[in-house]
Each structure stands twice: as C-alpha cells, then as structure tokens.
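Here's query-v8.csv, which has CSV, C-alpha atoms:
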chain,number,residue,atom,x,y,z
A,60,MET,CA,0.0,0.0,0.0
A,61,LYS,CA,2.5,2.6,-1.0
A,62,ASN,CA,1.5,6.2,-0.5
A,63,ALA,CA,-1.3,5.1,1.9
A,64,LYS,CA,-1.6,7.8,4.5
A,65,LYS,CA,-2.8,6.6,7.9
A,66,GLU,CA,-5.8,8.7,8.9
A,67,LYS,CA,-7.1,7.4,12.1
A,68,PHE,CA,-6.5,4.5,14.5
A,69,ILE,CA,-9.3,3.2,16.7
A,70,MET,CA,-9.0,0.6,19.4
A,71,THR,CA,-12.1,-1.5,20.0
A,72,GLU,CA,-12.7,-4.4,22.4
A,73,LYS,CA,-12.6,-7.0,19.6
A,74,PHE,CA,-10.0,-5.8,17.2
A,75,ASP,CA,-7.6,-3.0,16.1
A,76,LEU,CA,-9.0,-0.8,13.3
A,77,ASN,CA,-7.1,1.5,11.0
A,78,ILE,CA,-8.9,4.0,8.8
A,79,ARG,CA,-6.8,5.5,6.0
A,80,THR,CA,-7.1,7.2,2.7
A,81,MET,CA,-8.0,4.7,-0.1
A,82,THR,CA,-5.5,4.2,-2.9
A,83,ILE,CA,-5.9,2.4,-6.2
A,84,ASP,CA,-3.8,-0.4,-4.7
A,85,ASP,CA,-6.8,-1.2,-2.6
A,86,TYR,CA,-9.1,-1.7,-5.6
A,87,GLU,CA,-9.3,-5.5,-5.8
A,88,ARG,CA,-10.0,-5.9,-2.1
A,89,VAL,CA,-12.5,-3.0,-2.1
A,90,TYR,CA,-14.3,-4.4,-5.2
A,91,ASP,CA,-14.5,-7.8,-3.6
A,92,LEU,CA,-16.2,-6.2,-0.6
A,93,TRP,CA,-18.7,-4.3,-2.8
A,94,ILE,CA,-19.6,-7.2,-5.0
A,95,ASN,CA,-20.3,-9.3,-1.9
A,96,THR,CA,-22.4,-6.7,-0.1
A,97,PRO,CA,-26.2,-7.1,-0.7
A,98,GLY,CA,-27.9,-3.8,-1.8
A,99,MET,CA,-24.9,-2.4,-3.7
A,100,GLY,CA,-25.5,-1.0,-7.2
A,101,LEU,CA,-22.3,-1.1,-9.3
A,102,ASN,CA,-21.7,-0.7,-13.0
A,103,SER,CA,-19.1,-2.0,-15.5
A,104,ILE,CA,-17.6,1.4,-16.3
A,105,ASP,CA,-17.6,3.7,-13.2
A,106,ASP,CA,-16.7,0.8,-10.8
A,107,SER,CA,-14.0,-0.7,-13.0
A,108,ARG,CA,-10.4,-0.3,-11.9
A,109,GLY,CA,-10.0,2.5,-14.4
A,110,GLY,CA,-13.2,4.2,-13.3
A,111,ILE,CA,-12.2,4.1,-9.6
A,112,GLU,CA,-8.7,5.2,-10.4
A,113,LYS,CA,-10.1,8.3,-12.2
A,114,TYR,CA,-12.3,9.0,-9.2
A,115,LEU,CA,-9.5,8.7,-6.7
A,116,LYS,CA,-7.3,11.1,-8.8
A,117,ARG,CA,-10.1,13.6,-8.7
A,118,ASN,CA,-10.9,13.1,-5.0
A,119,PRO,CA,-7.6,12.0,-3.4
A,120,THR,CA,-8.4,13.1,0.2
A,121,SER,CA,-12.0,12.0,0.7
A,122,CYS,CA,-12.1,8.2,0.0
A,123,PHE,CA,-11.3,5.8,2.9
A,124,VAL,CA,-10.9,2.2,3.8
A,125,ALA,CA,-11.1,0.6,7.2
A,126,GLU,CA,-8.6,-2.2,7.9
A,127,SER,CA,-8.3,-4.8,10.6
A,128,ASP,CA,-5.4,-7.3,10.5
A,129,ASP,CA,-4.4,-6.2,7.0
A,130,LYS,CA,-8.0,-7.0,5.8
A,131,ILE,CA,-10.2,-4.3,4.3
A,132,VAL,CA,-13.4,-4.4,6.4
A,133,GLY,CA,-15.0,-1.2,5.3
A,134,VAL,CA,-14.9,1.5,2.5
A,135,ILE,CA,-16.5,4.8,1.6
A,136,ILE,CA,-16.1,6.7,-1.7
A,137,SER,CA,-16.8,10.4,-1.5
A,138,GLY,CA,-16.0,13.5,-3.4
A,139,HIS,CA,-17.4,16.8,-4.6
A,140,ASP,CA,-18.1,19.0,-7.6
A,141,GLY,CA,-17.0,22.2,-5.9
A,142,ARG,CA,-20.5,22.8,-4.6
A,143,ARG,CA,-21.9,19.6,-3.1
A,144,GLY,CA,-20.3,16.5,-1.6
A,145,TYR,CA,-21.4,13.1,-2.7
A,146,ILE,CA,-21.1,9.7,-0.9
A,147,TYR,CA,-21.0,6.5,-2.9
A,148,HIS,CA,-20.5,2.8,-2.2
A,149,THR,CA,-20.2,2.7,1.6
A,150,ALA,CA,-19.9,-0.9,2.8
A,151,VAL,CA,-18.7,-2.8,5.8
A,152,LEU,CA,-18.1,-6.6,6.0
A,153,GLN,CA,-21.2,-8.2,7.6
A,154,GLN,CA,-19.2,-9.6,10.6
A,155,TYR,CA,-17.8,-6.1,11.4
A,156,ARG,CA,-21.2,-4.3,11.3
A,157,LYS,CA,-22.7,-2.6,14.4
A,158,LEU,CA,-19.3,-1.7,15.7
A,159,GLY,CA,-19.3,1.9,14.5
A,160,ILE,CA,-17.0,1.4,11.5
A,161,ALA,CA,-19.4,2.9,8.9
A,162,LYS,CA,-20.1,5.9,11.1
A,163,CYS,CA,-16.3,6.4,11.4
A,164,LEU,CA,-15.9,6.2,7.7
A,165,VAL,CA,-18.8,8.7,7.1
A,166,ASP,CA,-17.3,11.1,9.7
A,167,LYS,CA,-13.9,10.9,8.0
A,168,ALA,CA,-15.4,11.6,4.6
A,169,ILE,CA,-17.5,14.5,5.8
A,170,GLU,CA,-14.4,15.9,7.6
A,171,ALA,CA,-12.4,15.7,4.4
A,172,LEU,CA,-15.1,17.4,2.4
A,173,ASP,CA,-15.5,20.1,5.0
A,174,LYS,CA,-11.8,20.9,4.7
A,175,GLU,CA,-12.4,21.5,1.0
A,176,GLY,CA,-15.1,24.0,1.7
A,177,ILE,CA,-18.1,21.7,1.1
A,178,ASN,CA,-21.2,22.5,3.1
A,179,LYS,CA,-23.7,19.8,2.1
A,180,VAL,CA,-23.4,16.1,1.4
A,181,ALA,CA,-25.8,14.0,-0.7
A,182,LEU,CA,-26.1,10.3,-1.5
A,183,VAL,CA,-28.4,7.9,-3.3
A,184,ALA,CA,-29.6,4.6,-1.8
A,185,PHE,CA,-31.8,2.1,-3.5
A,186,ASN,CA,-35.3,1.8,-2.0
A,187,LYS,CA,-34.8,-2.0,-1.5
A,188,ASN,CA,-31.6,-1.4,0.6
A,189,GLU,CA,-33.4,-1.4,3.9
A,190,ILE,CA,-30.2,-1.9,5.9
A,191,GLY,CA,-28.4,1.0,4.2
A,192,ASN,CA,-31.4,3.3,4.4
A,193,SER,CA,-31.9,2.6,8.1
A,194,PHE,CA,-28.2,3.4,8.7
A,195,TRP,CA,-28.3,6.7,6.8
A,196,GLU,CA,-31.4,7.7,8.6
A,197,ASN,CA,-30.0,6.8,12.0
A,198,ILE,CA,-26.9,9.0,11.5
A,199,GLY,CA,-28.9,12.0,10.5
A,200,PHE,CA,-29.3,11.9,6.7
A,201,ASP,CA,-32.8,13.1,5.7
A,202,GLU,CA,-34.8,11.6,3.0
A,203,ARG,CA,-35.7,14.1,0.3
A,204,THR,CA,-39.2,13.4,-1.0
A,205,ASP,CA,-39.4,16.7,-2.8
A,206,LEU,CA,-37.0,15.6,-5.6
A,207,VAL,CA,-37.1,13.4,-8.6
A,208,TYR,CA,-33.8,11.8,-9.3
A,209,ARG,CA,-33.0,11.4,-13.0
A,210,ASN,CA,-30.0,10.1,-14.9
A,211,LYS,CA,-29.0,9.3,-18.4
A,212,ASN,CA,-26.2,7.0,-19.5
A,213,ILE,CA,-23.8,8.6,-21.9
A,214,HIS,CA,-22.2,5.2,-22.7
A,215,GLU,CA,-23.7,1.8,-22.5
A,216,LEU,CA,-22.8,0.1,-19.3
A,217,ASP,CA,-23.7,-3.1,-17.5
A,218,ARG,CA,-25.5,-2.7,-14.2
A,219,ILE,CA,-24.4,-5.0,-11.3
A,220,ASP,CA,-26.9,-5.3,-8.4
A,221,THR,CA,-25.7,-7.3,-5.4
Please express what this file holds, its structure, as structure tokens.
Amino acid sequence: MKNAKKEKFIMTEKFDLNIRTMTIDDYERVYDLWINTPGMGLNSIDDSRGGIEKYLKRNPTSCFVAESDDKIVGVIISGHDGRRGYIYHTAVLQQYRKLGIAKCLVDKAIEALDKEGINKVALVAFNKNEIGNSFWENIGFDERTDLVYRNKNIHELDRIDT
C-alpha cells in the first residue's frame, strides 16, 4: 500500500482498526467487498479499476478504507463537484457491522469534504436497501421526498446489483 496515508487509529474491544485514505492499490479488495455486499449497485464502467482510479485522482483526500489485521473491512467513496459533496459505495463486511465502522468512515469523509469547503453532502440509496437506508437515517441523513432523481447513461454500461 505505497502512498497510503494513515488517517485514524481506533482501538475496540474486539480488534484493532485503522482508517486510512484509499489508494488504487486497494481496488481488488474493495471491489470484492462491494460485490459481496447485498444492496450495492455497481456498473461496469464507473466501478471498474479505471473508473475508480479516475475518481481517486479527482478526489484524493476523501475516500477511505477501514482495515483490521491487513484486511479491508469497510470502505467509503466520497468526493465533490465544488458545490456539493457526494457519498458512494459505503460498505462494511457483515461480521464487522454494528461496531461503528461505517459511522467512522462517514465522519472521515465529511471531515475531508468540510476541509475542502463543502457545506452539504448527498447520497443515493436504493429503496430496497433497507439496511443501508436505516443506517443513513440513524446517522442524520434526511430523505428528500421533494426531488425526482434522474440520470441518463452517456455510454452503455452493465449494471451489477448485489
């Protein structure tokens, strides 16, 4: 993990946890976590190694992994467009859930976005992702019922639902 900057060290009763900035060297382990996490929505272009590498180059300080015993147990991808922050693909290994890891990752991402002058953070979660939606609500993310979310693919991509 060259160039991996240690961001935070947390001691818990069960294990040691290190939260650090994500690098492209983490891609295979992160993708394995995503693809094995129910409720994720990935695609063949943006979530490819090249897509994530491009995202990390644009957002080098706001994407994080959580490690325990050299194993990636959690991840958050976040960045901004200069006006709004966005959170994507937050996941924690099932056996490491309910220990505060996801909340720590969100806090690190929001702290990084705040340092870049971002005042508001948004995310999209699938309706069927009950675990994810419950988590986001419990940590203070409000549901916006006054919006209609729309998108259009510029290039054909394969959608991967987990």
Distance cut-off 12 Å, centre (-22.5, -6.1, 10.9) in file coordinates, counting all atoms listed in the file: which residues qualify? Return them as a compact mmCIF listing (two decimals) with C-alpha atoms, in the frame of the given file.
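What ended up in point30.txt:
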# COMPACT_ATOMS: atom_id res chain seq x y z
CA THR A 96 -22.40 -6.70 -0.10
CA VAL A 132 -13.40 -4.40 6.40
CA GLY A 133 -15.00 -1.20 5.30
CA ALA A 150 -19.90 -0.90 2.80
CA VAL A 151 -18.70 -2.80 5.80
CA LEU A 152 -18.10 -6.60 6.00
CA GLN A 153 -21.20 -8.20 7.60
CA GLN A 154 -19.20 -9.60 10.60
CA TYR A 155 -17.80 -6.10 11.40
CA ARG A 156 -21.20 -4.30 11.30
CA LYS A 157 -22.70 -2.60 14.40
CA LEU A 158 -19.30 -1.70 15.70
CA GLY A 159 -19.30 1.90 14.50
CA ILE A 160 -17.00 1.40 11.50
CA ALA A 161 -19.40 2.90 8.90
CA ILE A 190 -30.20 -1.90 5.90
CA GLY A 191 -28.40 1.00 4.20
CA PHE A 194 -28.20 3.40 8.70
Interatomic distance between CA of Ile135 in chain A and CA of Thr80 in chain A?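 These two atoms are separated by 9.8 Å.
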Using only C-alpha atoms, what residues lie at most 9 Å away from (-16.5, 9.9, 0.6) (file coordinates), given as a ChimeraX atom specification? /A:118,120-123,134-139,144-149,164-165,167-169,171-172
Contacts of Asp106 in chain A at 12 Å or less, counting all atoms listed in the file, minus same-chain residues fewer than 3 places along, as a list in words?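 In the requested format, the answer is Ile83, Tyr86, Glu87, Val89, Tyr90, Asp91, Trp93, Ile94, Met99, Gly100, Leu101, Asn102, Ser103, Gly109, Gly110, Ile111, Glu112, Lys113, Tyr114, Leu115, Ile136, Tyr147, His148, Leu216, Asp217, Arg218 and Ile219 of chain A.
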Dump of C-alpha atoms for the selected residues, as an mmCIF file, in the coordinates of the input:
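Contents of selection.cif, as written:
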data_model
loop_
_atom_site.group_PDB
_atom_site.id
_atom_site.type_symbol
_atom_site.label_atom_id
_atom_site.label_comp_id
_atom_site.auth_asym_id
_atom_site.auth_seq_id
_atom_site.Cartn_x
_atom_site.Cartn_y
_atom_site.Cartn_z
ATOM 1 C CA ILE A 83 -5.900 2.400 -6.200
ATOM 2 C CA TYR A 86 -9.100 -1.700 -5.600
ATOM 3 C CA GLU A 87 -9.300 -5.500 -5.800
ATOM 4 C CA VAL A 89 -12.500 -3.000 -2.100
ATOM 5 C CA TYR A 90 -14.300 -4.400 -5.200
ATOM 6 C CA ASP A 91 -14.500 -7.800 -3.600
ATOM 7 C CA TRP A 93 -18.700 -4.300 -2.800
ATOM 8 C CA ILE A 94 -19.600 -7.200 -5.000
ATOM 9 C CA MET A 99 -24.900 -2.400 -3.700
ATOM 10 C CA GLY A 100 -25.500 -1.000 -7.200
ATOM 11 C CA LEU A 101 -22.300 -1.100 -9.300
ATOM 12 C CA ASN A 102 -21.700 -0.700 -13.000
ATOM 13 C CA SER A 103 -19.100 -2.000 -15.500
ATOM 14 C CA GLY A 109 -10.000 2.500 -14.400
ATOM 15 C CA GLY A 110 -13.200 4.200 -13.300
ATOM 16 C CA ILE A 111 -12.200 4.100 -9.600
ATOM 17 C CA GLU A 112 -8.700 5.200 -10.400
ATOM 18 C CA LYS A 113 -10.100 8.300 -12.200
ATOM 19 C CA TYR A 114 -12.300 9.000 -9.200
ATOM 20 C CA LEU A 115 -9.500 8.700 -6.700
ATOM 21 C CA ILE A 136 -16.100 6.700 -1.700
ATOM 22 C CA TYR A 147 -21.000 6.500 -2.900
ATOM 23 C CA HIS A 148 -20.500 2.800 -2.200
ATOM 24 C CA LEU A 216 -22.800 0.100 -19.300
ATOM 25 C CA ASP A 217 -23.700 -3.100 -17.500
ATOM 26 C CA ARG A 218 -25.500 -2.700 -14.200
ATOM 27 C CA ILE A 219 -24.400 -5.000 -11.300
#
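When CA of Lys179 in chain A is paired with CA of Thr82 in chain A, their separation reads 24.5 Å.
You can rank A:Pro97, A:Arg143, A:Asp75, A:Asp105 by their closest distance to Gly176 in chain A using all atoms listed in the file, and at the top of that list sits A:Arg143.
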Could you state the separation of CA of Asp205 in chain A and CA of Asn186 in chain A in Å, given to one decimal place? 15.5 Å
Got a sec: who's within 9 Å of Gly98 in chain A, counting all atoms listed in the file, leaving out chain neighbours fewer than 3 positions off, as an NGL selection string? :A and (184-185 or 187-191 or 220-221)
